[in-house]
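Everything below belongs to final13.csv, which stores CSV, C-alpha atoms.
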```
chain,number,residue,atom,x,y,z
A,1,MET,CA,-4.6,-3.4,18.3
A,2,PHE,CA,-7.5,-2.9,15.9
A,3,LEU,CA,-8.8,-5.3,13.3
A,4,HIS,CA,-9.9,-3.6,10.1
A,5,THR,CA,-11.9,-5.6,7.6
A,6,GLY,CA,-12.7,-3.8,4.4
A,7,ASP,CA,-14.6,-5.1,1.3
A,8,ASP,CA,-13.0,-8.5,1.5
A,9,PRO,CA,-14.1,-10.2,4.7
A,10,THR,CA,-11.3,-12.8,4.4
A,11,ARG,CA,-8.6,-10.2,4.5
A,12,THR,CA,-8.0,-8.3,7.8
A,13,LEU,CA,-5.5,-5.5,8.7
A,14,ALA,CA,-4.1,-5.7,12.2
A,15,ILE,CA,-3.4,-2.1,13.1
A,16,PRO,CA,-1.3,-1.4,16.2
A,17,GLN,CA,-2.2,1.3,18.7
A,18,ALA,CA,0.9,3.3,17.7
A,19,SER,CA,-0.3,3.6,14.1
A,20,HIS,CA,-3.8,4.5,15.4
A,21,SER,CA,-2.2,7.3,17.3
A,22,TRP,CA,-0.3,8.4,14.2
A,23,LEU,CA,-3.6,8.7,12.3
A,24,ALA,CA,-5.1,10.7,15.2
A,25,TRP,CA,-2.0,13.0,15.1
A,26,GLN,CA,-2.5,13.5,11.4
A,27,LEU,CA,-6.1,14.6,12.0
A,28,ALA,CA,-5.1,16.9,14.9
A,29,GLU,CA,-2.3,18.4,12.9
A,30,HIS,CA,-4.8,19.6,10.3
A,31,TRP,CA,-7.6,20.4,12.8
A,32,GLY,CA,-9.0,23.9,13.1
A,33,ASN,CA,-10.0,26.9,11.0
A,34,ARG,CA,-11.8,30.2,11.6
A,35,HIS,CA,-14.8,28.3,12.9
A,36,PHE,CA,-13.2,25.5,15.0
A,37,CYS,CA,-10.4,25.7,17.6
A,38,ARG,CA,-6.8,24.8,16.7
A,39,PRO,CA,-4.4,23.1,19.1
A,40,LEU,CA,-2.7,25.6,21.3
A,41,PRO,CA,0.0,25.3,22.5
A,42,ARG,CA,0.4,23.4,19.3
A,43,ALA,CA,3.5,21.3,20.0
A,44,GLU,CA,2.2,20.0,23.3
A,45,VAL,CA,-1.3,19.2,22.1
A,46,LEU,CA,0.0,17.3,19.1
A,47,ALA,CA,2.4,15.5,21.3
A,48,ALA,CA,-0.5,14.4,23.6
A,49,VAL,CA,-2.4,13.0,20.5
A,50,MET,CA,0.7,11.2,19.2
A,51,LEU,CA,1.7,9.8,22.6
A,52,HIS,CA,-1.6,9.1,24.2
A,53,ASP,CA,-1.4,5.3,23.5
A,54,SER,CA,2.4,5.0,23.7
A,55,GLY,CA,2.0,2.4,26.5
A,56,TRP,CA,0.5,-0.2,24.2
A,57,THR,CA,3.7,-1.0,22.3
A,58,GLU,CA,4.6,-4.2,24.3
A,59,PHE,CA,1.0,-5.4,24.2
A,60,ASP,CA,0.8,-5.0,20.4
A,61,GLU,CA,4.0,-7.0,20.0
A,62,ALA,CA,2.3,-10.1,21.5
A,63,PRO,CA,-1.4,-9.4,22.1
A,64,GLY,CA,-2.4,-13.0,22.5
A,65,ILE,CA,-5.9,-14.4,21.6
A,66,ASP,CA,-9.2,-14.4,23.3
A,67,ASP,CA,-11.4,-17.4,24.2
A,68,GLU,CA,-12.6,-17.6,20.6
A,69,GLY,CA,-9.1,-17.7,19.2
A,70,ARG,CA,-9.3,-14.2,17.8
A,71,PRO,CA,-6.5,-11.6,18.2
A,72,ARG,CA,-7.0,-9.8,21.5
A,73,THR,CA,-7.9,-6.2,20.8
A,74,PHE,CA,-7.7,-3.2,23.3
A,75,ASP,CA,-11.5,-3.5,24.1
A,76,ARG,CA,-11.3,-7.3,24.9
A,77,MET,CA,-9.0,-7.5,27.9
A,78,GLU,CA,-9.2,-7.6,31.7
A,79,VAL,CA,-9.6,-4.3,33.5
A,80,GLU,CA,-6.4,-4.5,35.6
A,81,ARG,CA,-4.2,-4.9,32.5
A,82,HIS,CA,-6.0,-2.2,30.6
A,83,LEU,CA,-5.6,0.3,33.4
A,84,GLU,CA,-1.9,-0.5,33.9
A,85,ILE,CA,-1.3,0.2,30.2
A,86,TRP,CA,-3.1,3.5,30.5
A,87,ARG,CA,-0.8,4.4,33.5
A,88,ARG,CA,2.2,3.5,31.2
A,89,CYS,CA,0.9,5.8,28.5
A,90,VAL,CA,0.8,8.8,30.9
A,91,ALA,CA,4.3,7.9,32.3
A,92,ARG,CA,5.8,7.8,28.8
A,93,THR,CA,4.1,11.0,27.8
A,94,VAL,CA,5.4,13.0,30.7
A,95,LEU,CA,8.9,12.2,29.6
A,96,HIS,CA,8.2,14.5,26.7
A,97,SER,CA,5.9,17.1,28.1
A,98,ARG,CA,4.1,17.7,31.4
A,99,TYR,CA,1.3,19.6,29.7
A,100,ALA,CA,0.9,16.8,27.1
A,101,ALA,CA,0.8,14.3,30.0
A,102,LEU,CA,-1.9,16.5,31.7
A,103,LEU,CA,-4.1,16.2,28.6
A,104,VAL,CA,-3.5,12.4,28.4
A,105,ALA,CA,-4.3,12.0,32.1
A,106,SER,CA,-7.5,14.0,31.6
A,107,HIS,CA,-8.4,11.9,28.6
A,108,PHE,CA,-8.1,8.6,30.5
A,109,ALA,CA,-9.8,10.0,33.6
A,110,GLU,CA,-12.9,10.7,31.4
A,111,MET,CA,-12.7,7.2,29.8
A,112,ALA,CA,-12.3,5.6,33.3
A,113,GLU,CA,-15.5,7.4,34.4
A,114,THR,CA,-17.4,5.8,31.6
A,115,LYS,CA,-15.8,2.4,32.4
A,116,THR,CA,-16.9,2.8,36.0
A,117,ALA,CA,-20.5,3.4,35.0
A,118,ASP,CA,-20.4,0.5,32.6
A,119,TYR,CA,-19.0,-2.0,35.1
A,120,LEU,CA,-21.4,-1.0,37.8
A,121,ALA,CA,-24.4,-1.2,35.4
A,122,ARG,CA,-23.3,-4.8,34.7
A,123,GLY,CA,-23.0,-5.5,38.4
A,124,ASP,CA,-19.2,-5.9,38.3
A,125,THR,CA,-18.4,-3.8,41.4
A,126,SER,CA,-14.8,-5.1,41.6
A,127,SER,CA,-13.9,-3.8,38.2
A,128,GLY,CA,-15.9,-0.6,38.8
A,129,ARG,CA,-13.9,0.2,42.0
A,130,LEU,CA,-10.6,-0.3,40.1
A,131,ALA,CA,-11.7,2.0,37.3
A,132,GLU,CA,-12.9,4.6,39.9
A,133,ARG,CA,-9.6,4.5,41.8
A,134,PHE,CA,-7.8,4.9,38.5
A,135,ARG,CA,-9.9,7.9,37.7
A,136,ALA,CA,-9.1,9.5,41.0
A,137,GLU,CA,-5.4,8.8,40.5
A,138,MET,CA,-5.4,10.5,37.1
A,139,ASN,CA,-7.3,13.5,38.5
A,140,ARG,CA,-4.7,13.9,41.3
A,141,ARG,CA,-1.9,13.8,38.7
A,142,LYS,CA,-3.4,16.4,36.4
A,143,ASP,CA,-4.1,18.7,39.4
A,144,GLU,CA,-0.4,18.4,40.4
A,145,TRP,CA,0.7,19.3,36.9
A,146,VAL,CA,-1.7,22.3,36.8
A,147,GLU,CA,-0.1,23.5,40.1
A,148,ILE,CA,3.5,23.0,38.9
A,149,LEU,CA,2.9,24.6,35.4
A,150,GLY,CA,1.0,27.5,36.8
A,151,PRO,CA,3.9,30.0,37.0
A,152,ASP,CA,5.1,29.2,33.4
A,153,ALA,CA,3.9,31.9,31.1
A,154,ARG,CA,3.6,29.4,28.2
A,155,TYR,CA,0.8,27.6,29.9
A,156,GLN,CA,-1.1,30.2,31.9
A,157,GLY,CA,-3.8,30.6,29.3
A,158,CYS,CA,-4.4,26.9,28.8
A,159,LEU,CA,-4.4,25.2,32.3
A,160,ARG,CA,-8.0,26.0,33.1
A,161,GLY,CA,-11.1,27.2,31.5
A,162,THR,CA,-12.1,27.2,27.8
A,163,ARG,CA,-8.7,26.7,26.3
A,164,ARG,CA,-7.8,23.8,28.5
A,165,GLN,CA,-11.1,22.1,27.6
A,166,SER,CA,-10.8,22.7,23.9
A,167,ASN,CA,-7.3,21.1,23.9
A,168,ALA,CA,-8.7,18.1,25.8
A,169,ASP,CA,-11.6,17.9,23.3
A,170,ILE,CA,-9.2,17.9,20.3
A,171,LEU,CA,-7.4,14.9,21.8
A,172,THR,CA,-10.7,13.1,22.4
A,173,LEU,CA,-12.1,13.8,19.0
A,174,ALA,CA,-8.9,12.9,17.2
A,175,ASP,CA,-8.8,9.6,19.1
A,176,ARG,CA,-12.4,8.9,18.4
A,177,VAL,CA,-12.2,9.5,14.7
A,178,SER,CA,-9.1,7.3,14.5
A,179,VAL,CA,-10.8,4.5,16.4
A,180,TYR,CA,-13.8,4.6,14.0
A,181,LEU,CA,-11.6,4.5,11.0
A,182,CYS,CA,-9.1,1.9,12.2
A,183,ALA,CA,-11.8,-0.5,13.5
A,184,ALA,CA,-14.3,0.2,10.7
A,185,LEU,CA,-17.0,0.6,13.3
A,186,ALA,CA,-19.7,2.5,11.5
A,187,SER,CA,-20.5,4.2,8.2
A,188,GLU,CA,-21.5,7.4,10.0
A,189,PHE,CA,-20.6,8.9,13.3
A,190,GLU,CA,-20.3,12.3,15.1
A,191,VAL,CA,-17.7,14.0,17.3
A,192,ALA,CA,-18.1,17.0,19.6
A,193,ALA,CA,-15.7,19.7,18.4
A,194,PRO,CA,-14.8,23.0,20.2
A,195,THR,CA,-15.6,26.1,18.2
A,196,ALA,CA,-13.6,29.3,17.9
A,197,ASP,CA,-16.3,31.2,19.9
A,198,GLY,CA,-16.1,28.8,22.9
A,199,GLU,CA,-19.0,26.6,22.1
A,200,VAL,CA,-19.2,22.9,21.1
A,201,ARG,CA,-20.6,21.8,17.8
A,202,SER,CA,-21.3,18.3,16.4
A,203,VAL,CA,-19.3,17.3,13.3
A,204,ARG,CA,-20.6,14.4,11.3
A,205,PHE,CA,-18.4,11.9,9.4
A,206,SER,CA,-20.3,10.0,6.7
A,207,ALA,CA,-18.7,7.2,4.6
A,208,MET,CA,-19.0,7.6,0.8
A,209,ASP,CA,-17.1,4.3,0.4
A,210,GLN,CA,-14.5,2.4,2.2
A,211,THR,CA,-11.9,5.1,2.2
A,212,ASN,CA,-13.6,8.4,1.4
A,213,TRP,CA,-15.6,10.3,4.0
A,214,ARG,CA,-17.8,13.4,3.8
A,215,VAL,CA,-17.3,15.7,6.8
A,216,ASP,CA,-19.9,18.4,7.8
A,217,PRO,CA,-19.5,21.0,9.0
A,218,TRP,CA,-15.9,21.2,7.7
A,219,PRO,CA,-13.5,21.8,10.7
A,220,MET,CA,-10.2,22.2,8.8
A,221,GLU,CA,-8.6,24.4,6.2
A,222,GLY,CA,-8.9,23.6,2.4
A,223,ASP,CA,-11.3,21.1,0.9
A,224,ARG,CA,-9.8,17.7,1.8
A,225,VAL,CA,-7.4,16.0,4.1
A,226,ARG,CA,-5.7,12.7,3.5
A,227,LEU,CA,-4.9,10.3,6.4
A,228,GLN,CA,-3.0,7.1,6.5
A,229,VAL,CA,-2.4,4.2,8.9
A,230,GLU,CA,-0.3,1.0,8.6
A,231,GLY,CA,-1.0,-2.5,9.7
A,232,ARG,CA,-0.1,-6.1,9.0
A,233,VAL,CA,-2.3,-8.2,6.7
A,234,LEU,CA,-3.7,-11.3,8.4
A,235,PRO,CA,-4.7,-14.2,6.2
A,236,GLU,CA,-7.1,-15.4,8.9
A,237,THR,CA,-8.5,-14.2,12.2
A,238,ARG,CA,-8.8,-17.5,14.2
A,239,PHE,CA,-5.8,-19.1,15.8
A,240,ASP,CA,-5.2,-22.2,17.9
A,241,SER,CA,-2.7,-20.5,20.2
A,242,ALA,CA,-1.1,-17.2,21.1
A,243,ASP,CA,2.2,-18.5,19.8
A,244,GLU,CA,0.7,-19.3,16.4
A,245,PHE,CA,-0.8,-15.8,16.2
A,246,ARG,CA,2.4,-14.1,17.1
A,247,GLU,CA,4.4,-16.1,14.5
A,248,VAL,CA,1.8,-15.1,11.8
A,249,LEU,CA,1.8,-11.5,12.9
A,250,LEU,CA,5.6,-11.4,12.7
A,251,ARG,CA,5.6,-12.7,9.2
A,252,ALA,CA,2.6,-10.8,7.9
A,253,PRO,CA,3.3,-8.1,5.3
A,254,VAL,CA,2.8,-4.4,6.2
A,255,GLU,CA,0.3,-2.4,4.2
A,256,ARG,CA,-0.8,1.2,4.3
A,257,LEU,CA,-4.5,2.1,4.4
A,258,ASN,CA,-5.5,5.5,3.2
A,259,PHE,CA,-8.5,7.7,4.0
A,260,THR,CA,-9.7,10.9,2.5
A,261,LEU,CA,-11.8,13.4,4.4
A,262,LEU,CA,-13.8,15.8,2.1
A,263,ARG,CA,-15.7,19.0,2.7
A,264,ALA,CA,-19.3,18.5,1.8
A,265,SER,CA,-19.4,21.5,-0.5
A,266,ALA,CA,-16.4,20.3,-2.5
A,267,LEU,CA,-18.4,17.3,-3.7
A,268,GLY,CA,-20.9,19.3,-5.7
```

As structure tokens - that is how I would like this structure written.
Amino acid sequence: MFLHTGDDPTRTLAIPQASHSWLAWQLAEHWGNRHFCRPLPRAEVLAAVMLHDSGWTEFDEAPGIDDEGRPRTFDRMEVERHLEIWRRCVARTVLHSRYAALLVASHFAEMAETKTADYLARGDTSSGRLAERFRAEMNRRKDEWVEILGPDARYQGCLRGTRRQSNADILTLADRVSVYLCAALASEFEVAAPTADGEVRSVRFSAMDQTNWRVDPWPMEGDRVRLQVEGRVLPETRFDSADEFREVLLRAPVERLNFTLLRASALG
């Protein structure tokens, strides 16, 4: 779950992980032009983006609250529960596509590596060991899928090397952009994007206002792309109990939040 607060600090949109993934999918569906890589194989890469957080559904139905009484978000929970949800995401993705699951497992392996370093830097060796074991588990699973899919002509060009990495990068950047938009984390950020000539280039997203963003260099076709996400409007963000928050969440009206990405040259 993400908490998005716009111009009105008393009004917060609770966005579930599923809708965050939907926004990421919308971006990936438009991603690529003659300068930047497109998803290929398209169906499987887009499936990976759409399904990469599919294991969060049960959590988002009853996320509970933290010690401050705020709704518990994905980044404010114990490591064991977080890693188990990631496992569930991979397990649900593989029901659709093994190649999509390979990309999701790679995605979480990279994130677990970062988690491991963060925990160890804080002196939390127990959590660091859990994250490292999870990373090793994801690497074993993706290696198994590479071996299994190797004879399939559809995947022979995208199991290793530049194409495999560019597909993984598209999942990562779509997820990152969606996280920044859903959580309203910053007015400017960058993502690393694979280029058509096999390099990686930084793409900057700069907020013009709450919903319009300038993107440079432009990584898609056309001059603009519109994205949307849905969440429930919360009248407050502090609750006395998890049960109270769940009741408020169930009754809260659903609202759509729109974003527009614009080519810098289209603004002149």

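Counting from atom CA of A:Ala47, the distance to atom CA of A:Gln210 is 28.7 Å.
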
List every residue of stretch 1-95 of chain A that has an atom at most 12 Å from any atom of stretch 258-264 of chain A, and for each one report the closest atom pair and its distance in Å to one decimal, counting all atoms listed in the file, with rows sorted by chain and then by increasing residue number, as a tab-separated table.
```
residue	atom	partner	partner_atom	distance
A:Gly6	CA	A:Asn258	CA	11.8
A:Leu23	CA	A:Phe259	CA	9.7
A:Gln26	CA	A:Phe259	CA	11.2
A:Leu27	CA	A:Leu261	CA	9.6
A:His30	CA	A:Leu261	CA	11.1
A:Trp31	CA	A:Leu261	CA	11.7
```

Shell around A:Met220 at 12 Å using only C-alpha atoms, local window under 4 positions removed, as a PyMOL selection string: chain A and resi 26-39+193+195+203+215-216+224-226+261-263

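The interatomic distance for the pair atom CA of A:Met77 and atom CA of A:Ala62 works out to 13.2 Å.
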
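Proximity to A:Thr12 was assessed for A:Ala242, A:Leu159, A:Ala252, A:Val233 counting all atoms listed in the file; the smallest distance is recorded for A:Val233.
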
Spatial neighbours of stretch 143-151 of chain A, max dist 9 Å, only C-alpha atoms, sep filter under 2 positions, as JSON, numbers by chain: {"A": [98, 99, 101, 102, 138, 139, 140, 141, 153, 154, 155, 156, 159, 160]}

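In terms of minimum interatomic distance to A:Ala14, A:Glu236 ranks closest within A:Glu236, A:Glu110, A:Glu132, A:Glu137, counting only C-alpha atoms.
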
Which residue of A:Leu185, A:Val229, A:Leu103, A:Ala131 approaches A:Arg164 most closely, using only C-alpha atoms: A:Leu103

Nearby residues, (-17.8, 16.4, 17.8) file frame, 8 Å, only C-alpha atoms, as a count of residues only: 11

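Every protein, DNA or RNA residue with an atom at most 8 Å from A:Ala117, where all atoms listed in the file count and chain neighbours fewer than 4 positions away do not, is listed here: Glu113, Ala121 and Gly128 of chain A.
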
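Distance-wise, atom CA of A:Glu44 and atom CA of A:Ala100 end up 5.1 Å apart.
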
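Checking A:Ser265, A:Ser19, A:Thr57, A:Gln165 one by one against A:Arg214, counting only C-alpha atoms, you find the shortest gap at A:Ser265.
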
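Among the candidate residues A:Ser187, A:Gly231, A:Asp60, A:Val177, the one lying nearest to A:Ile85 is A:Asp60, with distances computed using all atoms listed in the file.
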
I'd like the neighbourhood of A:His52 as a PDB file with C-alpha atoms, in the coordinates of the input, where a residue qualifies if any of its atoms comes within 9 Å (using all atoms listed in the file), though same-chain residues fewer than 5 positions away should be ignored.
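The file below, around_24.pdb, is the result:
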```
ATOM      1  CA  SER A  21      -2.200   7.300  17.300  1.00  0.00           C
ATOM      2  CA  ALA A  47       2.400  15.500  21.300  1.00  0.00           C
ATOM      3  CA  TRP A  86      -3.100   3.500  30.500  1.00  0.00           C
ATOM      4  CA  CYS A  89       0.900   5.800  28.500  1.00  0.00           C
ATOM      5  CA  VAL A  90       0.800   8.800  30.900  1.00  0.00           C
ATOM      6  CA  ARG A  92       5.800   7.800  28.800  1.00  0.00           C
ATOM      7  CA  THR A  93       4.100  11.000  27.800  1.00  0.00           C
ATOM      8  CA  ALA A 100       0.900  16.800  27.100  1.00  0.00           C
ATOM      9  CA  ALA A 101       0.800  14.300  30.000  1.00  0.00           C
ATOM     10  CA  LEU A 103      -4.100  16.200  28.600  1.00  0.00           C
ATOM     11  CA  VAL A 104      -3.500  12.400  28.400  1.00  0.00           C
ATOM     12  CA  ALA A 105      -4.300  12.000  32.100  1.00  0.00           C
ATOM     13  CA  HIS A 107      -8.400  11.900  28.600  1.00  0.00           C
ATOM     14  CA  LEU A 171      -7.400  14.900  21.800  1.00  0.00           C
ATOM     15  CA  ASP A 175      -8.800   9.600  19.100  1.00  0.00           C
TER      16      ASP A 175
END
```

Write out as a PDB file with C-alpha atoms, keeping the file's coordinate frame the residues lying within 10 Å of A:Asp243, counting only C-alpha atoms and excluding same-chain residues fewer than 5 positions away.
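Now in around-v6.pdb:
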```
ATOM      1  CA  ALA A  62       2.300 -10.100  21.500  1.00  0.00           C
ATOM      2  CA  GLY A  64      -2.400 -13.000  22.500  1.00  0.00           C
ATOM      3  CA  ILE A  65      -5.900 -14.400  21.600  1.00  0.00           C
ATOM      4  CA  VAL A 248       1.800 -15.100  11.800  1.00  0.00           C
ATOM      5  CA  LEU A 249       1.800 -11.500  12.900  1.00  0.00           C
TER       6      LEU A 249
END
```

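With all atoms listed in the file as the atoms that count, the residue of A:Asp209, A:Asp67, A:Asp75, A:Glu84 with the shortest distance to A:Asp240 is A:Asp67.
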